[in-house]
Structure formats: structure tokens, C-alpha cells
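Contents: one structure, followed by commentary.
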Amino acid sequence: MRVLVVEDVHALADDIAEGLRDEGFAVDIAYNGLDAAAKLDANAYQVVVLDRDLPGIHGDTLCRMITESDRPAVTLMLTAAGSTDDRISGLGLGADDYLAKPFHFTELVLRIRALARRQPTARPRVYHAADLALDPQRHAATRNGRSLDLSVKEFGVLEALLRAAPAFLSTEELLEQVWDENADPFTNAVFNTLSRLRRKLGNPPLIETQPGVGYRITDRSARPLPGTHLPHRNRTPPRRNSRPAPRPGPAHPRHQHRHRRTPPRAGPEPGPQLSARRPPAPLAASFMASLMCSSARSRSILA
């Protein structure tokens with residue numbers, strides 16, 4: 001929960017802010033009305049602790065501005081003017097509560113928590129998620145009956161996530177709700193706090209991280225109630241190939257050459273093989289005749 005303390009006495013404003021931070025609040029301080037108006041325009045606060053006699057802009061004017069703004073915050077007037085007429089006039093300006101000085105700090109804390117519960121978006125006093133329970137009033141958190149030893153920031157982060165569930169909260173939104181205006185926007189404080197918080201919460205994990213979106217509380221240990229059925233896709237195995245295989249058909253003209261066998265080329269019919277050593281009969285007869293002629297010519301020359 002983010003609170004704005006508007007008080008012109010610096011020592012008192014610092015003491016109130018320090019005490020509220022010890023109680024788990026994210027607290028900003030404004031020492032005058034002008035500074036308060038600028039911070040109200042830039043940030044969203046759940047509760048404003050407002051002094052009446054302020055420099056710059058008077059507390060009564062500032063209270064009226066808060067009431068008429070687009071995002072009004074719950075206002076608690078904390079002032080030394082404690083007469084009955086002062087209370088009536090302050091509540092008539094739109095203040096939601098009125099506490100006169102001097103005051104008890106415990107009473108101030110309880111009034112701030114009570115005012116936060118009056119908001120239209122206020123949630124129950126005790127937040128639940130699975131076996132986790134968080135009570136902001138008692139500053140106590142348990143899981144499965146086991147008490148959790150959480151630091152102030154760890155408790156604040158867990159409360160912010162439970163309040164926003166099931167929506168996501170970005171790192172910037174967690175910085176805005178749990179840390180004050182002095183927090184470095186480039187720090188790893190949110191990441192480190194969430195890491196410690198996850199370890200303390202244990203298993204099964206309750207904090208879901210979605211890159212680029214943020215963090216949220218989720219209940220992964222939920223089981224279906226008796227008599228309920230799981231979705232159809234979880235009970236039926238997936239179909240591997242429900243479509244029938246296509247029947248083979250004629251090949252495409254471009255691919256017919258891949259399946260066509262080339263017939264053997266036509267050639268002369270096989271005939272009797274010719275021997276190189278034995279010439280055919282006509283050639284042998286002519287050869288013998290020429291041989292006889294040459295021998296007869298030789299004999300005539302010799303005679």
C-alpha cells in the first residue's frame with residue numbers, strides 16, 4: 001500500500017514515514033502543498049495523511065482537489081486543530097477521517113488500514129491462494145499452516161500480488177506500490193525480493209513469471225473437483241494420421257521419364273558368326289584357282 005504523508009514539520013513527517021515503513025507501507029513525503037500536488041498528479045496513492053496548515057497550497061484546498069480529481073485517494077486529516085468545529089469543517093471538505101494532534105502512532109496505523117479497506121477496490125482482510133493465507137492487519141502469512149518469516153518488502157510484494165490476482169504486476173508497478181519514490185527504477189530490488197520470497201514459499205510454486213509482462217499469483221496445485229472431467233484433449237490420445245493415404249495415379253508428365261523404361265534399340269538380326277581363320281567357300285575357291293594359275297605360269301617359264 002502506498003501512502004503520501006503531507007506535513008510541513010520535517011521531523012514529524014520523517015518520524016511518521018519511518019514508522020509506517022516499518023509497518024510495511026510504501027511512503028512518500030511532501031513538506032508543502034505544492035510538492036504534494038505534484039506527487040498526487042504523478043503517482044497513485046491509496047491513502048493521504050494530510051495536515052491542514054500547509055505552506056504553498058493550504059491543506060483545505062488540497063483536500064478539495066484530491067476529492068474532485070479523476071483518481072481520488074482516501075484522505076486522513078492529521079492536524080493540531082482538534083475542536084469539534086474543526087472536525088466538522090474538515091470532514092465537510094471531503095476528508096474520510098480526522099485525527100487530532102497529539103496522537104498515538106498505533107491508532108494512526110489502524111485508521112490508515114481501516115481507510116484502505118473502505119476503497120471500492122478493497123479486498124477481504126485476509127488474502128488466500130491455494131494453501132497460502134496473508135493477513136495484512138496482523139502482518140502475518142502462513143502456508144499450509146506453517147508461519148512464514150517474511151521481511152517488510154517480501155510481505156509487501158506478496159500482498160500486492162495477492163491484491164492484484166489473477167492479473168499480472170510489472171516490475172515498475174511493484175516498485176510503485178511497495179517501494180517509495182526514492183527507489184532506483186534500474187535496481188534489481190524487485191527481482192532479488194521475489195527470489196527470496198519464492199524460496200520461503202516453497203513448492204509447489206505460487207508466483208508465475210511471464211517475460212515482458214510481469215508476475216502474478218497462480219495456483220498450480222489445484223485439482224478438479226469430484227465428478228468433474230478433464231478436457232477431451234487430455235483423455236484422448238492425439239490422432240497421428242487420420243487422413244487416408246492417397247491412391248497412386250498416373251505420374252505427372254514432367255516425371256514420367258523417371259518411371260519409363262527405355263526399350264532396347266533395334267538392330268540387325270543375329271546371323272552365323274564368321275571365322276577370321278576360315279574364309280567362306282567362294283573366297284577359298286578363288287584363292288585356290290589363283291594359286292594354281294601362278295604355279296602353271298612358273299612351270300611354263302622354267303620349260
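For the C-alpha cells, the naming scheme is as follows: chains receive sequential letters (A, B, ...) according to their order of presentation, residues are indexed from 1 within each chain, and ligands are indexed from 1 in presentation order.
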
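Shell of range 98-102 of chain A at 8 Å, with only C-alpha atoms counted and residues fewer than 6 places along the chain excluded, is A:Leu76, A:Met77, A:Leu78, A:Thr79, A:Ala80, A:Ala81, A:Gly82, A:Arg87, A:Gly90, A:Leu91, A:Leu108.
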
Item to check | Residues within 9 Å of range 191-200 of chain A, only C-alpha atoms, excluding chain neighbours under 4 positions, as an MDAnalysis selection string | outcome: chainID A and resid 148:150 153:155 157:158 171 187 205:207

Prev. selection, C-alpha atoms, output as a PDB file, in the first residue's frame:
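And here's again.pdb as it stands now:
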```pdb
ATOM      1  CA  LEU A 148       6.354 -17.585   7.056  1.00  0.00           C
ATOM      2  CA  ASP A 149       9.144 -15.326   8.258  1.00  0.00           C
ATOM      3  CA  LEU A 150       8.948 -12.530   5.677  1.00  0.00           C
ATOM      4  CA  LYS A 153       9.431  -5.827   1.394  1.00  0.00           C
ATOM      5  CA  GLU A 154       8.738  -9.536   0.882  1.00  0.00           C
ATOM      6  CA  PHE A 155       5.441  -9.140   2.727  1.00  0.00           C
ATOM      7  CA  VAL A 157       5.329  -7.766  -2.637  1.00  0.00           C
ATOM      8  CA  LEU A 158       3.235 -10.782  -1.668  1.00  0.00           C
ATOM      9  CA  THR A 171       8.364  -4.584 -12.106  1.00  0.00           C
ATOM     10  CA  THR A 187      17.637  -1.593  -9.446  1.00  0.00           C
ATOM     11  CA  PRO A 205       5.497 -22.536  -6.781  1.00  0.00           C
ATOM     12  CA  LEU A 206       2.839 -19.841  -6.431  1.00  0.00           C
ATOM     13  CA  ILE A 207       4.490 -16.940  -8.280  1.00  0.00           C
TER      14      ILE A 207
END
```

Please identify all polymer residues within 10 Å of Leu50 in chain A, counting only C-alpha atoms, omitting same-chain residues fewer than 4 positions from it, and present them as a PDB file with C-alpha atoms, in the first residue's frame.
```pdb
ATOM      1  CA  LEU A   4       1.579  10.060   0.990  1.00  0.00           C
ATOM      2  CA  VAL A   5       2.403  11.985   4.163  1.00  0.00           C
ATOM      3  CA  VAL A   6       1.888  15.755   3.767  1.00  0.00           C
ATOM      4  CA  GLU A   7       3.365  17.560   6.770  1.00  0.00           C
ATOM      5  CA  ASP A   8       5.316  20.809   6.955  1.00  0.00           C
ATOM      6  CA  ALA A  30       5.699  16.155   0.872  1.00  0.00           C
ATOM      7  CA  GLY A  33       1.143  21.814  -0.587  1.00  0.00           C
ATOM      8  CA  ALA A  36       2.058  17.315  -2.547  1.00  0.00           C
ATOM      9  CA  LEU A  54       0.430  23.911   4.900  1.00  0.00           C
ATOM     10  CA  GLY A  59      -4.486  21.709   3.316  1.00  0.00           C
ATOM     11  CA  ASP A  60      -8.195  22.510   2.895  1.00  0.00           C
ATOM     12  CA  LEU A  62      -5.550  20.329  -1.320  1.00  0.00           C
ATOM     13  CA  CYS A  63      -8.216  18.118   0.260  1.00  0.00           C
ATOM     14  CA  THR A  75      -7.729  11.263   2.943  1.00  0.00           C
ATOM     15  CA  LEU A  76      -6.946  11.305   6.644  1.00  0.00           C
ATOM     16  CA  MET A  77      -6.562  14.794   8.113  1.00  0.00           C
ATOM     17  CA  LEU A  78      -3.863  14.878  10.793  1.00  0.00           C
ATOM     18  CA  THR A  79      -3.821  18.342  12.342  1.00  0.00           C
ATOM     19  CA  ALA A  95     -11.813  14.103   4.269  1.00  0.00           C
ATOM     20  CA  TYR A  98      -9.898  13.073  11.078  1.00  0.00           C
ATOM     21  CA  LEU A  99      -7.215  12.635  13.748  1.00  0.00           C
TER      22      LEU A  99
END
```

Item to check | Residue nearest Tyr45 in chain A - candidates A:Ala164, A:Met1, A:Ile217, A:Leu12, atoms counted: only C-alpha atoms | outcome: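 The shortest atom-to-atom distance to Tyr45 in chain A comes from A:Met1.
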
Which residues, written as a short mmCIF file (atom, residue, chain, number, x, y, z; two decimals) with C-alpha atoms, in the first residue's frame, have at least one atom at most 12 Å from Glu23 in chain A, with only C-alpha atoms counted and residues fewer than 5 positions away on the same chain left out?
```
data_model
loop_
_atom_site.label_atom_id
_atom_site.label_comp_id
_atom_site.auth_asym_id
_atom_site.auth_seq_id
_atom_site.Cartn_x
_atom_site.Cartn_y
_atom_site.Cartn_z
CA MET A 1 0.00 0.00 0.00
CA ARG A 2 1.34 3.42 -0.94
CA VAL A 3 0.80 6.36 1.39
CA ILE A 16 5.65 9.17 10.64
CA ALA A 17 7.12 7.93 7.37
CA GLU A 18 9.72 5.78 9.13
CA PHE A 105 1.02 6.12 16.36
CA THR A 106 -0.73 2.74 16.69
CA LEU A 108 -2.81 6.21 13.13
CA VAL A 109 -1.74 2.86 11.64
CA LEU A 110 -5.09 1.23 12.42
CA ILE A 112 -4.92 4.01 7.73
CA ARG A 113 -5.60 0.27 7.35
CA PRO A 136 -2.23 -7.51 6.39
CA GLN A 137 -3.91 -6.40 9.62
CA ARG A 138 -1.76 -8.72 11.76
CA HIS A 139 1.18 -8.67 9.34
CA ALA A 140 1.15 -12.46 9.26
CA SER A 151 10.73 -9.22 5.59
CA VAL A 152 8.83 -5.98 5.16
CA LYS A 153 9.43 -5.83 1.39
CA PHE A 155 5.44 -9.14 2.73
CA GLY A 156 4.59 -6.04 0.68
CA VAL A 178 5.90 -1.48 -2.42
#
```

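Between CA of Gly92 in chain A and CA of Arg111 in chain A there is a distance of 18.6 Å.
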